[in-house]
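Okay, query.tsv is below, TSV, N, CA and C atoms:
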```tsv
chain	number	residue	atom	x	y	z
Z	206	MET	N	118.80	106.49	116.73
Z	206	MET	CA	118.05	105.47	117.44
Z	206	MET	C	117.83	105.87	118.90
Z	207	LEU	N	118.84	106.55	119.47
Z	207	LEU	CA	118.66	107.01	120.85
Z	207	LEU	C	117.52	108.02	120.95
Z	208	LYS	N	117.42	108.90	119.96
Z	208	LYS	CA	116.33	109.89	119.97
Z	208	LYS	C	114.97	109.21	119.86
Z	209	GLU	N	114.88	108.19	119.02
Z	209	GLU	CA	113.62	107.45	118.90
Z	209	GLU	C	113.28	106.74	120.20
Z	210	TRP	N	114.30	106.15	120.82
Z	210	TRP	CA	114.10	105.46	122.09
Z	210	TRP	C	113.62	106.45	123.15
Z	211	ALA	N	114.25	107.64	123.19
Z	211	ALA	CA	113.85	108.67	124.16
Z	211	ALA	C	112.42	109.13	123.91
Z	212	ALA	N	112.07	109.32	122.63
Z	212	ALA	CA	110.70	109.74	122.30
Z	212	ALA	C	109.69	108.66	122.71
Z	213	GLU	N	110.06	107.41	122.51
Z	213	GLU	CA	109.18	106.31	122.90
Z	213	GLU	C	109.00	106.27	124.42
Z	214	LEU	N	110.08	106.50	125.16
Z	214	LEU	CA	109.97	106.52	126.62
Z	214	LEU	C	109.15	107.71	127.10
Z	215	ASN	N	109.31	108.86	126.46
Z	215	ASN	CA	108.55	110.05	126.86
Z	215	ASN	C	107.07	109.96	126.50
Z	216	ALA	N	106.74	109.16	125.49
Z	216	ALA	CA	105.35	109.04	125.05
Z	216	ALA	C	104.53	108.11	125.95
Z	217	ARG	N	105.18	107.43	126.88
Z	217	ARG	CA	104.46	106.51	127.76
Z	217	ARG	C	103.55	107.28	128.71
Z	218	PRO	N	102.46	106.65	129.13
Z	218	PRO	CA	101.60	107.30	130.13
Z	218	PRO	C	102.36	107.45	131.46
Z	219	MET	N	101.96	108.43	132.24
Z	219	MET	CA	102.64	108.72	133.50
Z	219	MET	C	102.61	107.53	134.45
Z	220	THR	N	101.53	106.77	134.45
Z	220	THR	CA	101.46	105.60	135.34
Z	220	THR	C	102.52	104.57	134.96
Z	221	GLU	N	102.75	104.42	133.66
Z	221	GLU	CA	103.78	103.47	133.22
Z	221	GLU	C	105.17	104.00	133.54
Z	222	LYS	N	105.37	105.31	133.42
Z	222	LYS	CA	106.67	105.90	133.73
Z	222	LYS	C	107.02	105.72	135.21
Z	223	ARG	N	106.01	105.78	136.07
Z	223	ARG	CA	106.24	105.69	137.51
Z	223	ARG	C	106.29	104.26	138.03
Z	224	SER	N	105.95	103.31	137.20
Z	224	SER	CA	105.99	101.91	137.64
Z	224	SER	C	107.44	101.45	137.77
Z	225	TYR	N	107.64	100.32	138.41
Z	225	TYR	CA	108.99	99.79	138.59
Z	225	TYR	C	109.65	99.56	137.24
Z	226	GLN	N	108.93	98.91	136.32
Z	226	GLN	CA	109.49	98.62	135.00
Z	226	GLN	C	109.76	99.91	134.23
Z	227	GLY	N	108.90	100.90	134.39
Z	227	GLY	CA	109.10	102.18	133.71
Z	227	GLY	C	110.35	102.89	134.19
Z	228	LYS	N	110.58	102.86	135.51
Z	228	LYS	CA	111.79	103.47	136.06
Z	228	LYS	C	113.03	102.69	135.63
Z	229	LEU	N	112.92	101.38	135.56
Z	229	LEU	CA	114.03	100.54	135.11
Z	229	LEU	C	114.36	100.84	133.65
Z	230	ASP	N	113.34	100.99	132.82
Z	230	ASP	CA	113.55	101.32	131.40
Z	230	ASP	C	114.22	102.68	131.25
Z	231	SER	N	113.80	103.66	132.04
Z	231	SER	CA	114.40	104.99	131.98
Z	231	SER	C	115.86	104.96	132.43
Z	232	ALA	N	116.13	104.21	133.49
Z	232	ALA	CA	117.51	104.10	133.98
Z	232	ALA	C	118.40	103.40	132.96
Z	233	THR	N	117.86	102.38	132.29
Z	233	THR	CA	118.62	101.68	131.25
Z	233	THR	C	118.95	102.62	130.11
Z	234	PHE	N	117.99	103.45	129.73
Z	234	PHE	CA	118.22	104.42	128.66
Z	234	PHE	C	119.32	105.41	129.06
Z	235	LYS	N	119.25	105.93	130.26
Z	235	LYS	CA	120.24	106.91	130.71
Z	235	LYS	C	121.64	106.29	130.76
Z	236	GLN	N	121.73	105.06	131.24
Z	236	GLN	CA	123.03	104.39	131.31
Z	236	GLN	C	123.57	104.13	129.90
Z	237	THR	N	122.72	103.70	128.99
Z	237	THR	CA	123.13	103.46	127.61
Z	237	THR	C	123.63	104.73	126.97
Z	238	GLU	N	122.90	105.81	127.17
Z	238	GLU	CA	123.29	107.12	126.62
Z	238	GLU	C	124.66	107.55	127.15
Z	239	THR	N	124.87	107.35	128.45
Z	239	THR	CA	126.14	107.71	129.07
Z	239	THR	C	127.29	106.88	128.52
Z	240	TYR	N	127.06	105.58	128.40
Z	240	TYR	CA	128.11	104.67	127.92
Z	240	TYR	C	128.45	104.89	126.45
Z	241	LEU	N	127.50	105.36	125.65
Z	241	LEU	CA	127.75	105.56	124.23
Z	241	LEU	C	128.42	106.90	123.93
Z	242	GLN	N	128.40	107.83	124.86
Z	242	GLN	CA	128.99	109.15	124.61
Z	242	GLN	C	130.46	109.08	124.19
Z	243	PRO	N	131.32	108.27	124.85
Z	243	PRO	CA	132.71	108.20	124.39
Z	243	PRO	C	132.85	107.67	122.96
Z	244	LEU	N	131.98	106.74	122.57
Z	244	LEU	CA	132.01	106.23	121.20
Z	244	LEU	C	131.64	107.34	120.22
Z	245	PHE	N	130.59	108.07	120.50
Z	245	PHE	CA	130.18	109.17	119.61
Z	245	PHE	C	131.26	110.24	119.52
Z	246	LYS	N	131.90	110.51	120.65
Z	246	LYS	CA	132.98	111.51	120.68
Z	246	LYS	C	134.14	111.07	119.79
Z	247	LYS	N	134.53	109.79	119.90
Z	247	LYS	CA	135.62	109.27	119.06
Z	247	LYS	C	135.22	109.26	117.59
Z	248	LEU	N	133.98	108.96	117.29
Z	248	LEU	CA	133.53	108.98	115.90
Z	248	LEU	C	133.56	110.39	115.32
Z	249	ARG	N	133.11	111.38	116.12
Z	249	ARG	CA	133.14	112.77	115.65
Z	249	ARG	C	134.57	113.26	115.41
Z	250	LYS	N	135.49	112.86	116.31
Z	250	LYS	CA	136.88	113.29	116.18
Z	250	LYS	C	137.67	112.42	115.21
Z	251	LYS	N	137.03	111.36	114.71
Z	251	LYS	CA	137.69	110.41	113.80
Z	251	LYS	C	138.94	109.81	114.44
Z	252	SER	N	138.82	109.47	115.72
Z	252	SER	CA	139.96	108.92	116.45
Z	252	SER	C	139.70	107.50	116.96
Z	253	ILE	N	138.67	106.86	116.44
Z	253	ILE	CA	138.35	105.50	116.87
Z	253	ILE	C	139.32	104.53	116.20
Z	254	ALA	N	139.63	103.44	116.88
Z	254	ALA	CA	140.55	102.44	116.34
Z	254	ALA	C	140.00	101.87	115.03
Z	255	ALA	N	140.89	101.65	114.07
Z	255	ALA	CA	140.48	101.21	112.74
Z	255	ALA	C	139.78	99.86	112.77
Z	256	ASP	N	140.23	98.95	113.62
Z	256	ASP	CA	139.59	97.63	113.65
Z	256	ASP	C	138.19	97.70	114.24
Z	257	ILE	N	137.98	98.54	115.25
Z	257	ILE	CA	136.63	98.69	115.81
Z	257	ILE	C	135.72	99.37	114.80
Z	258	LEU	N	136.24	100.37	114.09
Z	258	LEU	CA	135.45	101.04	113.07
Z	258	LEU	C	135.03	100.06	111.98
Z	259	SER	N	135.94	99.17	111.60
Z	259	SER	CA	135.63	98.15	110.60
Z	259	SER	C	134.51	97.23	111.09
Z	260	PHE	N	134.61	96.80	112.34
Z	260	PHE	CA	133.56	95.96	112.91
Z	260	PHE	C	132.22	96.69	112.92
Z	261	LEU	N	132.22	97.96	113.36
Z	261	LEU	CA	130.98	98.73	113.43
Z	261	LEU	C	130.36	98.91	112.04
Z	262	ALA	N	131.20	99.17	111.04
Z	262	ALA	CA	130.70	99.31	109.67
Z	262	ALA	C	130.08	98.01	109.17
Z	263	ASP	N	130.72	96.89	109.48
Z	263	ASP	CA	130.17	95.59	109.08
Z	263	ASP	C	128.85	95.31	109.80
Z	264	ILE	N	128.78	95.64	111.07
Z	264	ILE	CA	127.55	95.43	111.84
Z	264	ILE	C	126.42	96.27	111.24
Z	265	CYS	N	126.68	97.55	110.99
Z	265	CYS	CA	125.65	98.43	110.44
Z	265	CYS	C	125.22	97.99	109.05
Z	266	GLY	N	126.17	97.58	108.23
Z	266	GLY	CA	125.84	97.09	106.89
Z	266	GLY	C	124.93	95.88	106.93
Z	267	ASN	N	125.23	94.95	107.82
Z	267	ASN	CA	124.37	93.77	107.95
Z	267	ASN	C	123.00	94.10	108.52
Z	268	ILE	N	122.94	95.06	109.42
Z	268	ILE	CA	121.64	95.47	109.96
Z	268	ILE	C	120.80	96.10	108.86
Z	269	LEU	N	121.41	96.94	108.04
Z	269	LEU	CA	120.66	97.56	106.94
Z	269	LEU	C	120.15	96.53	105.93
Z	270	GLU	N	120.88	95.44	105.80
Z	270	GLU	CA	120.45	94.35	104.90
Z	270	GLU	C	119.56	93.35	105.62
Z	271	ARG	N	119.21	93.65	106.86
Z	271	ARG	CA	118.36	92.81	107.71
Z	271	ARG	C	118.97	91.43	107.95
Z	272	GLU	N	120.28	91.39	108.00
Z	272	GLU	CA	121.03	90.16	108.31
Z	272	GLU	C	121.44	90.22	109.78
Z	273	TYR	N	120.47	90.06	110.67
Z	273	TYR	CA	120.70	90.27	112.09
Z	273	TYR	C	121.59	89.20	112.71
Z	274	VAL	N	121.51	87.99	112.23
Z	274	VAL	CA	122.35	86.91	112.77
Z	274	VAL	C	123.82	87.18	112.43
Z	275	LYS	N	124.08	87.62	111.19
Z	275	LYS	CA	125.45	87.97	110.80
Z	275	LYS	C	125.95	89.15	111.61
Z	276	ALA	N	125.09	90.15	111.80
Z	276	ALA	CA	125.48	91.33	112.58
Z	276	ALA	C	125.81	90.93	114.01
Z	277	ASN	N	125.03	90.05	114.59
Z	277	ASN	CA	125.29	89.59	115.94
Z	277	ASN	C	126.61	88.81	116.02
Z	278	GLY	N	126.89	88.00	115.00
Z	278	GLY	CA	128.15	87.27	114.96
Z	278	GLY	C	129.35	88.20	114.90
Z	279	ILE	N	129.24	89.26	114.11
Z	279	ILE	CA	130.32	90.25	114.01
Z	279	ILE	C	130.48	90.98	115.34
Z	280	TYR	N	129.35	91.29	115.98
Z	280	TYR	CA	129.41	91.94	117.29
Z	280	TYR	C	130.15	91.06	118.30
Z	281	LEU	N	129.81	89.77	118.31
Z	281	LEU	CA	130.47	88.86	119.25
Z	281	LEU	C	131.96	88.75	118.95
Z	282	GLN	N	132.30	88.73	117.67
Z	282	GLN	CA	133.72	88.68	117.32
Z	282	GLN	C	134.44	89.93	117.80
Z	283	MET	N	133.78	91.09	117.66
Z	283	MET	CA	134.38	92.34	118.13
Z	283	MET	C	134.49	92.34	119.66
Z	284	ALA	N	133.44	91.91	120.33
Z	284	ALA	CA	133.39	92.01	121.78
Z	284	ALA	C	134.30	91.01	122.47
Z	285	ILE	N	134.24	89.74	122.07
Z	285	ILE	CA	135.02	88.74	122.79
Z	285	ILE	C	136.17	88.17	121.98
Z	286	GLY	N	136.20	88.48	120.69
Z	286	GLY	CA	137.29	88.00	119.84
Z	286	GLY	C	137.18	86.52	119.55
Z	287	ASN	N	138.11	86.03	118.76
Z	287	ASN	CA	138.10	84.60	118.47
Z	287	ASN	C	139.51	84.02	118.62
Z	288	ALA	N	140.27	84.63	119.50
Z	288	ALA	CA	141.61	84.15	119.78
Z	288	ALA	C	141.52	82.80	120.50
Z	289	PRO	N	142.57	81.98	120.38
Z	289	PRO	CA	142.54	80.69	121.08
Z	289	PRO	C	142.32	80.84	122.59
Z	290	TRP	N	142.88	81.90	123.18
Z	290	TRP	CA	142.69	82.18	124.60
Z	290	TRP	C	142.32	83.66	124.72
Z	291	PRO	N	141.03	83.98	124.55
Z	291	PRO	CA	140.64	85.38	124.44
Z	291	PRO	C	140.91	86.23	125.67
Z	292	ILE	N	141.15	85.62	126.82
Z	292	ILE	CA	141.44	86.44	127.99
Z	292	ILE	C	142.93	86.61	128.22
Z	293	GLY	N	143.72	86.23	127.22
Z	293	GLY	CA	145.15	86.50	127.29
Z	293	GLY	C	145.97	85.43	127.96
Z	294	VAL	N	145.42	84.27	128.24
Z	294	VAL	CA	146.17	83.21	128.89
Z	294	VAL	C	147.06	82.54	127.86
Z	295	THR	N	148.37	82.73	127.99
Z	295	THR	CA	149.30	82.06	127.08
Z	295	THR	C	150.30	81.21	127.85
Z	296	MET	N	150.40	81.43	129.14
Z	296	MET	CA	151.33	80.63	129.95
Z	296	MET	C	150.53	80.02	131.09
Z	297	VAL	N	150.45	78.70	131.12
Z	297	VAL	CA	149.71	78.05	132.20
Z	297	VAL	C	150.62	77.24	133.11
Z	298	GLY	N	151.85	77.06	132.71
Z	298	GLY	CA	152.80	76.31	133.52
Z	298	GLY	C	154.19	76.82	133.23
Z	299	ILE	N	155.14	75.93	133.23
Z	299	ILE	CA	156.50	76.36	132.96
Z	299	ILE	C	156.81	76.39	131.46
Z	300	HIS	N	155.91	75.82	130.66
Z	300	HIS	CA	156.12	75.79	129.22
Z	300	HIS	C	155.12	76.71	128.52
Z	301	ALA	N	155.58	77.36	127.45
Z	301	ALA	CA	154.68	78.21	126.67
Z	301	ALA	C	153.70	77.34	125.91
Z	302	ARG	N	152.47	77.82	125.75
Z	302	ARG	CA	151.45	77.07	125.00
Z	302	ARG	C	151.80	77.06	123.53
Z	303	THR	N	151.54	75.96	122.88
Z	303	THR	CA	151.77	75.90	121.44
Z	303	THR	C	150.73	76.78	120.75
Z	304	GLY	N	151.11	77.40	119.67
Z	304	GLY	CA	150.19	78.26	118.94
Z	304	GLY	C	150.09	79.66	119.52
Z	305	ARG	N	150.92	79.96	120.51
Z	305	ARG	CA	150.88	81.27	121.16
Z	305	ARG	C	151.09	82.40	120.16
Z	306	GLU	N	151.96	82.16	119.17
Z	306	GLU	CA	152.27	83.20	118.19
Z	306	GLU	C	151.14	83.41	117.19
Z	307	LYS	N	150.09	82.59	117.24
Z	307	LYS	CA	148.98	82.71	116.29
Z	307	LYS	C	147.94	83.74	116.73
Z	308	ILE	N	148.13	84.34	117.88
Z	308	ILE	CA	147.17	85.32	118.37
Z	308	ILE	C	147.49	86.67	117.72
Z	309	PHE	N	146.61	87.14	116.85
Z	309	PHE	CA	146.80	88.40	116.13
Z	309	PHE	C	145.90	89.48	116.72
Z	310	SER	N	146.17	90.74	116.37
Z	310	SER	CA	145.39	91.84	116.93
Z	310	SER	C	143.93	91.76	116.51
Z	311	GLN	N	143.63	91.21	115.34
Z	311	GLN	CA	142.25	91.10	114.88
Z	311	GLN	C	141.47	90.11	115.73
Z	312	GLN	N	142.17	89.21	116.40
Z	312	GLN	CA	141.51	88.18	117.19
Z	312	GLN	C	141.37	88.55	118.67
Z	313	ILE	N	141.96	89.66	119.07
Z	313	ILE	CA	141.96	90.04	120.48
Z	313	ILE	C	140.59	90.55	120.89
Z	314	ALA	N	140.19	90.22	122.09
Z	314	ALA	CA	138.92	90.70	122.62
Z	314	ALA	C	139.04	92.17	122.97
Z	315	HIS	N	138.27	93.01	122.31
Z	315	HIS	CA	138.37	94.45	122.53
Z	315	HIS	C	137.79	94.90	123.86
Z	316	VAL	N	136.96	94.07	124.48
Z	316	VAL	CA	136.41	94.47	125.78
Z	316	VAL	C	137.48	94.47	126.85
Z	317	LEU	N	138.62	93.90	126.56
Z	317	LEU	CA	139.68	93.84	127.56
Z	317	LEU	C	140.62	95.04	127.50
Z	318	ASN	N	140.49	95.88	126.48
Z	318	ASN	CA	141.43	96.99	126.30
Z	318	ASN	C	141.32	98.03	127.40
Z	319	ASP	N	140.14	98.59	127.61
Z	319	ASP	CA	139.95	99.53	128.70
Z	319	ASP	C	138.47	99.58	129.08
Z	320	GLU	N	138.21	100.17	130.24
Z	320	GLU	CA	136.86	100.17	130.80
Z	320	GLU	C	135.88	100.96	129.94
Z	321	THR	N	136.27	102.12	129.44
Z	321	THR	CA	135.38	102.93	128.61
Z	321	THR	C	135.00	102.19	127.35
Z	322	GLN	N	135.98	101.58	126.72
Z	322	GLN	CA	135.73	100.81	125.50
Z	322	GLN	C	134.81	99.63	125.79
Z	323	ARG	N	135.02	98.96	126.90
Z	323	ARG	CA	134.16	97.84	127.28
Z	323	ARG	C	132.72	98.29	127.43
Z	324	LYS	N	132.52	99.47	128.01
Z	324	LYS	CA	131.16	99.95	128.24
Z	324	LYS	C	130.43	100.22	126.94
Z	325	TYR	N	131.08	100.87	125.97
Z	325	TYR	CA	130.33	101.16	124.75
Z	325	TYR	C	130.24	99.97	123.81
Z	326	ILE	N	131.09	98.97	124.00
Z	326	ILE	CA	130.95	97.75	123.20
Z	326	ILE	C	129.87	96.85	123.78
Z	327	GLN	N	129.79	96.77	125.09
Z	327	GLN	CA	128.83	95.89	125.72
Z	327	GLN	C	127.59	96.62	126.22
Z	328	VAL	N	127.32	97.79	125.71
Z	328	VAL	CA	126.17	98.56	126.16
Z	328	VAL	C	124.87	97.80	125.84
Z	329	TYR	N	123.89	98.02	126.65
Z	329	TYR	CA	122.59	97.38	126.47
Z	329	TYR	C	122.01	97.81	125.13
Z	330	TYR	N	121.50	96.87	124.39
Z	330	TYR	CA	120.82	97.22	123.15
Z	330	TYR	C	119.45	96.58	123.12
Z	331	VAL	N	118.52	97.27	122.47
Z	331	VAL	CA	117.13	96.84	122.42
Z	331	VAL	C	116.89	96.01	121.18
```

Please go through the file and, once you have read it, give me the structure as structure tokens.
Amino acid sequence: MLKEWAAELNARPMTEKRSYQGKLDSATFKQTETYLQPLFKKLRKKSIAADILSFLADICGNILEREYVKANGIYLQMAIGNAPWPIGVTMVGIHARTGREKIFSQQIAHVLNDETQRKYIQVYYV
């Protein structure tokens, strides 16, 4: 898809490439390409986390079946999770919150793990 996007950007007339929107589109493409490189590297080395790989497989499967709403829902679950307190807030006072033990790894927001992972999960998509 990145190659198709690049070909589409290169096929634009020079006046469109030099316009503000054209430069913005090119910059968005370059940033997306940069942010996706760590994901591609992990996929090639087969070192990506199993839960993220599962989410990506489900997203791709739904896209191939043209179930875009389901794919978007899976993406949101991967990106922000569905934990009761997705940003990790379990203590708000002197008492522990009830249900704290119900937070499982499948429910954790993966964008919080590290900066590189956040970038390729939240990368701009067309």

Check your understanding: For the atom pair CA of Glu209 in chain Z and CA of Leu244 in chain Z, what is the interatomic distance in Å to one decimal place?
Key ->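 One can read the CA of Glu209 in chain Z to CA of Leu244 in chain Z distance as 18.6 Å.
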
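In this structure, CA of Ala232 in chain Z sits 25.1 Å away from atom N of Asn277 in chain Z.
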
Expected axis-aligned box over every listed atom of range 265-270 of chain Z, 5 Å added per side, centre plus edges in Å to one decimal, as JSON:
```
{"center_x": 123.1, "center_y": 95.9, "center_z": 107.9, "size_x": 17.1, "size_y": 15.1, "size_z": 16.1}
```

Check your understanding: Which is closer to Asp230 in chain Z than all the others in Z:Ala255, Z:Ala211, Z:Leu248, Z:Ile279, using only C-alpha atoms?
Key ->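 Comparing Z:Ala255, Z:Ala211, Z:Leu248, Z:Ile279 against Asp230 in chain Z, the winner is Z:Ala211.
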
Exercise for review: Excluding range 324-326 of chain Z and any residue of its chain fewer than 3 positions from it, enumerate the residues within 5 Å of it, using all atoms listed in the file, and give them as a PyMOL selection string.
Suggested key: chain Z and resi 240+320-321

Selection export as an mmCIF file, in the frame of the given file, atoms kept: N, CA and C atoms:
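File produced: result25.cif:
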```cif
data_model
loop_
_atom_site.group_PDB
_atom_site.id
_atom_site.type_symbol
_atom_site.label_atom_id
_atom_site.label_comp_id
_atom_site.auth_asym_id
_atom_site.auth_seq_id
_atom_site.Cartn_x
_atom_site.Cartn_y
_atom_site.Cartn_z
ATOM 1 N N TYR Z 240 127.060 105.580 128.400
ATOM 2 C CA TYR Z 240 128.110 104.670 127.920
ATOM 3 C C TYR Z 240 128.450 104.890 126.450
ATOM 4 N N GLU Z 320 138.210 100.170 130.240
ATOM 5 C CA GLU Z 320 136.860 100.170 130.800
ATOM 6 C C GLU Z 320 135.880 100.960 129.940
ATOM 7 N N THR Z 321 136.270 102.120 129.440
ATOM 8 C CA THR Z 321 135.380 102.930 128.610
ATOM 9 C C THR Z 321 135.000 102.190 127.350
#
```

Exercise for review: Determine which residues of range 233-271 of chain Z receive a DSSP assignment of alpha helix (DSSP H), computed from the backbone, and state them as a PyMOL selection string.
Suggested key: chain Z and resi 233-250+255-269

Exercise for review: Mind giving me the straight-line distance from CA of Thr239 in chain Z to CA of Leu207 in chain Z in Å, one decimal?
Suggested key: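 Atom-to-atom, CA of Thr239 in chain Z and CA of Leu207 in chain Z are spaced 11.1 Å apart.
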
Using the atoms already present, construct N, CA, C and O atoms for range 213-236 of chain Z and hand them back as a PDB file, in the frame of the given file.
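The result, stored in part-v1.pdb:
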```
ATOM      1  N   GLU Z 213     110.060 107.410 122.510  1.00  0.00           N
ATOM      2  CA  GLU Z 213     109.180 106.310 122.900  1.00  0.00           C
ATOM      3  C   GLU Z 213     109.000 106.270 124.420  1.00  0.00           C
ATOM      4  O   GLU Z 213     107.885 106.065 124.909  1.00  0.00           O
ATOM      5  N   LEU Z 214     110.080 106.500 125.160  1.00  0.00           N
ATOM      6  CA  LEU Z 214     109.970 106.520 126.620  1.00  0.00           C
ATOM      7  C   LEU Z 214     109.150 107.710 127.100  1.00  0.00           C
ATOM      8  O   LEU Z 214     108.363 107.584 128.045  1.00  0.00           O
ATOM      9  N   ASN Z 215     109.310 108.860 126.460  1.00  0.00           N
ATOM     10  CA  ASN Z 215     108.550 110.050 126.860  1.00  0.00           C
ATOM     11  C   ASN Z 215     107.070 109.960 126.500  1.00  0.00           C
ATOM     12  O   ASN Z 215     106.239 110.607 127.126  1.00  0.00           O
ATOM     13  N   ALA Z 216     106.740 109.160 125.490  1.00  0.00           N
ATOM     14  CA  ALA Z 216     105.350 109.040 125.050  1.00  0.00           C
ATOM     15  C   ALA Z 216     104.530 108.110 125.950  1.00  0.00           C
ATOM     16  O   ALA Z 216     103.311 108.030 125.804  1.00  0.00           O
ATOM     17  N   ARG Z 217     105.180 107.430 126.880  1.00  0.00           N
ATOM     18  CA  ARG Z 217     104.460 106.510 127.760  1.00  0.00           C
ATOM     19  C   ARG Z 217     103.550 107.280 128.710  1.00  0.00           C
ATOM     20  O   ARG Z 217     103.840 108.417 129.074  1.00  0.00           O
ATOM     21  N   PRO Z 218     102.460 106.650 129.130  1.00  0.00           N
ATOM     22  CA  PRO Z 218     101.600 107.300 130.130  1.00  0.00           C
ATOM     23  C   PRO Z 218     102.360 107.450 131.460  1.00  0.00           C
ATOM     24  O   PRO Z 218     103.277 106.693 131.755  1.00  0.00           O
ATOM     25  N   MET Z 219     101.960 108.430 132.240  1.00  0.00           N
ATOM     26  CA  MET Z 219     102.640 108.720 133.500  1.00  0.00           C
ATOM     27  C   MET Z 219     102.610 107.530 134.450  1.00  0.00           C
ATOM     28  O   MET Z 219     103.590 107.282 135.166  1.00  0.00           O
ATOM     29  N   THR Z 220     101.530 106.770 134.450  1.00  0.00           N
ATOM     30  CA  THR Z 220     101.460 105.600 135.340  1.00  0.00           C
ATOM     31  C   THR Z 220     102.520 104.570 134.960  1.00  0.00           C
ATOM     32  O   THR Z 220     103.119 103.943 135.834  1.00  0.00           O
ATOM     33  N   GLU Z 221     102.750 104.420 133.660  1.00  0.00           N
ATOM     34  CA  GLU Z 221     103.780 103.470 133.220  1.00  0.00           C
ATOM     35  C   GLU Z 221     105.170 104.000 133.540  1.00  0.00           C
ATOM     36  O   GLU Z 221     106.049 103.228 133.920  1.00  0.00           O
ATOM     37  N   LYS Z 222     105.370 105.310 133.420  1.00  0.00           N
ATOM     38  CA  LYS Z 222     106.670 105.900 133.730  1.00  0.00           C
ATOM     39  C   LYS Z 222     107.020 105.720 135.210  1.00  0.00           C
ATOM     40  O   LYS Z 222     108.181 105.533 135.560  1.00  0.00           O
ATOM     41  N   ARG Z 223     106.010 105.780 136.070  1.00  0.00           N
ATOM     42  CA  ARG Z 223     106.240 105.690 137.510  1.00  0.00           C
ATOM     43  C   ARG Z 223     106.290 104.260 138.030  1.00  0.00           C
ATOM     44  O   ARG Z 223     106.642 104.047 139.188  1.00  0.00           O
ATOM     45  N   SER Z 224     105.950 103.310 137.200  1.00  0.00           N
ATOM     46  CA  SER Z 224     105.990 101.910 137.640  1.00  0.00           C
ATOM     47  C   SER Z 224     107.440 101.450 137.770  1.00  0.00           C
ATOM     48  O   SER Z 224     108.368 102.111 137.277  1.00  0.00           O
ATOM     49  N   TYR Z 225     107.640 100.320 138.410  1.00  0.00           N
ATOM     50  CA  TYR Z 225     108.990  99.790 138.590  1.00  0.00           C
ATOM     51  C   TYR Z 225     109.650  99.560 137.240  1.00  0.00           C
ATOM     52  O   TYR Z 225     110.800  99.941 137.030  1.00  0.00           O
ATOM     53  N   GLN Z 226     108.930  98.910 136.320  1.00  0.00           N
ATOM     54  CA  GLN Z 226     109.490  98.620 135.000  1.00  0.00           C
ATOM     55  C   GLN Z 226     109.760  99.910 134.230  1.00  0.00           C
ATOM     56  O   GLN Z 226     110.763 100.017 133.524  1.00  0.00           O
ATOM     57  N   GLY Z 227     108.900 100.900 134.390  1.00  0.00           N
ATOM     58  CA  GLY Z 227     109.100 102.180 133.710  1.00  0.00           C
ATOM     59  C   GLY Z 227     110.350 102.890 134.190  1.00  0.00           C
ATOM     60  O   GLY Z 227     111.117 103.437 133.401  1.00  0.00           O
ATOM     61  N   LYS Z 228     110.580 102.860 135.510  1.00  0.00           N
ATOM     62  CA  LYS Z 228     111.790 103.470 136.060  1.00  0.00           C
ATOM     63  C   LYS Z 228     113.030 102.690 135.630  1.00  0.00           C
ATOM     64  O   LYS Z 228     114.071 103.291 135.340  1.00  0.00           O
ATOM     65  N   LEU Z 229     112.920 101.380 135.560  1.00  0.00           N
ATOM     66  CA  LEU Z 229     114.030 100.540 135.110  1.00  0.00           C
ATOM     67  C   LEU Z 229     114.360 100.840 133.650  1.00  0.00           C
ATOM     68  O   LEU Z 229     115.542 100.963 133.292  1.00  0.00           O
ATOM     69  N   ASP Z 230     113.340 100.990 132.820  1.00  0.00           N
ATOM     70  CA  ASP Z 230     113.550 101.320 131.400  1.00  0.00           C
ATOM     71  C   ASP Z 230     114.220 102.680 131.250  1.00  0.00           C
ATOM     72  O   ASP Z 230     115.136 102.842 130.430  1.00  0.00           O
ATOM     73  N   SER Z 231     113.800 103.660 132.040  1.00  0.00           N
ATOM     74  CA  SER Z 231     114.400 104.990 131.980  1.00  0.00           C
ATOM     75  C   SER Z 231     115.860 104.960 132.430  1.00  0.00           C
ATOM     76  O   SER Z 231     116.725 105.596 131.827  1.00  0.00           O
ATOM     77  N   ALA Z 232     116.130 104.210 133.490  1.00  0.00           N
ATOM     78  CA  ALA Z 232     117.510 104.100 133.980  1.00  0.00           C
ATOM     79  C   ALA Z 232     118.400 103.400 132.960  1.00  0.00           C
ATOM     80  O   ALA Z 232     119.551 103.793 132.760  1.00  0.00           O
ATOM     81  N   THR Z 233     117.860 102.380 132.290  1.00  0.00           N
ATOM     82  CA  THR Z 233     118.620 101.680 131.250  1.00  0.00           C
ATOM     83  C   THR Z 233     118.950 102.620 130.110  1.00  0.00           C
ATOM     84  O   THR Z 233     120.068 102.618 129.597  1.00  0.00           O
ATOM     85  N   PHE Z 234     117.990 103.450 129.730  1.00  0.00           N
ATOM     86  CA  PHE Z 234     118.220 104.420 128.660  1.00  0.00           C
ATOM     87  C   PHE Z 234     119.320 105.410 129.060  1.00  0.00           C
ATOM     88  O   PHE Z 234     120.241 105.672 128.275  1.00  0.00           O
ATOM     89  N   LYS Z 235     119.250 105.930 130.260  1.00  0.00           N
ATOM     90  CA  LYS Z 235     120.240 106.910 130.710  1.00  0.00           C
ATOM     91  C   LYS Z 235     121.640 106.290 130.760  1.00  0.00           C
ATOM     92  O   LYS Z 235     122.623 106.919 130.361  1.00  0.00           O
ATOM     93  N   GLN Z 236     121.730 105.060 131.240  1.00  0.00           N
ATOM     94  CA  GLN Z 236     123.030 104.390 131.310  1.00  0.00           C
ATOM     95  C   GLN Z 236     123.570 104.130 129.900  1.00  0.00           C
ATOM     96  O   GLN Z 236     124.755 104.342 129.631  1.00  0.00           O
TER      97      GLN Z 236
END
```
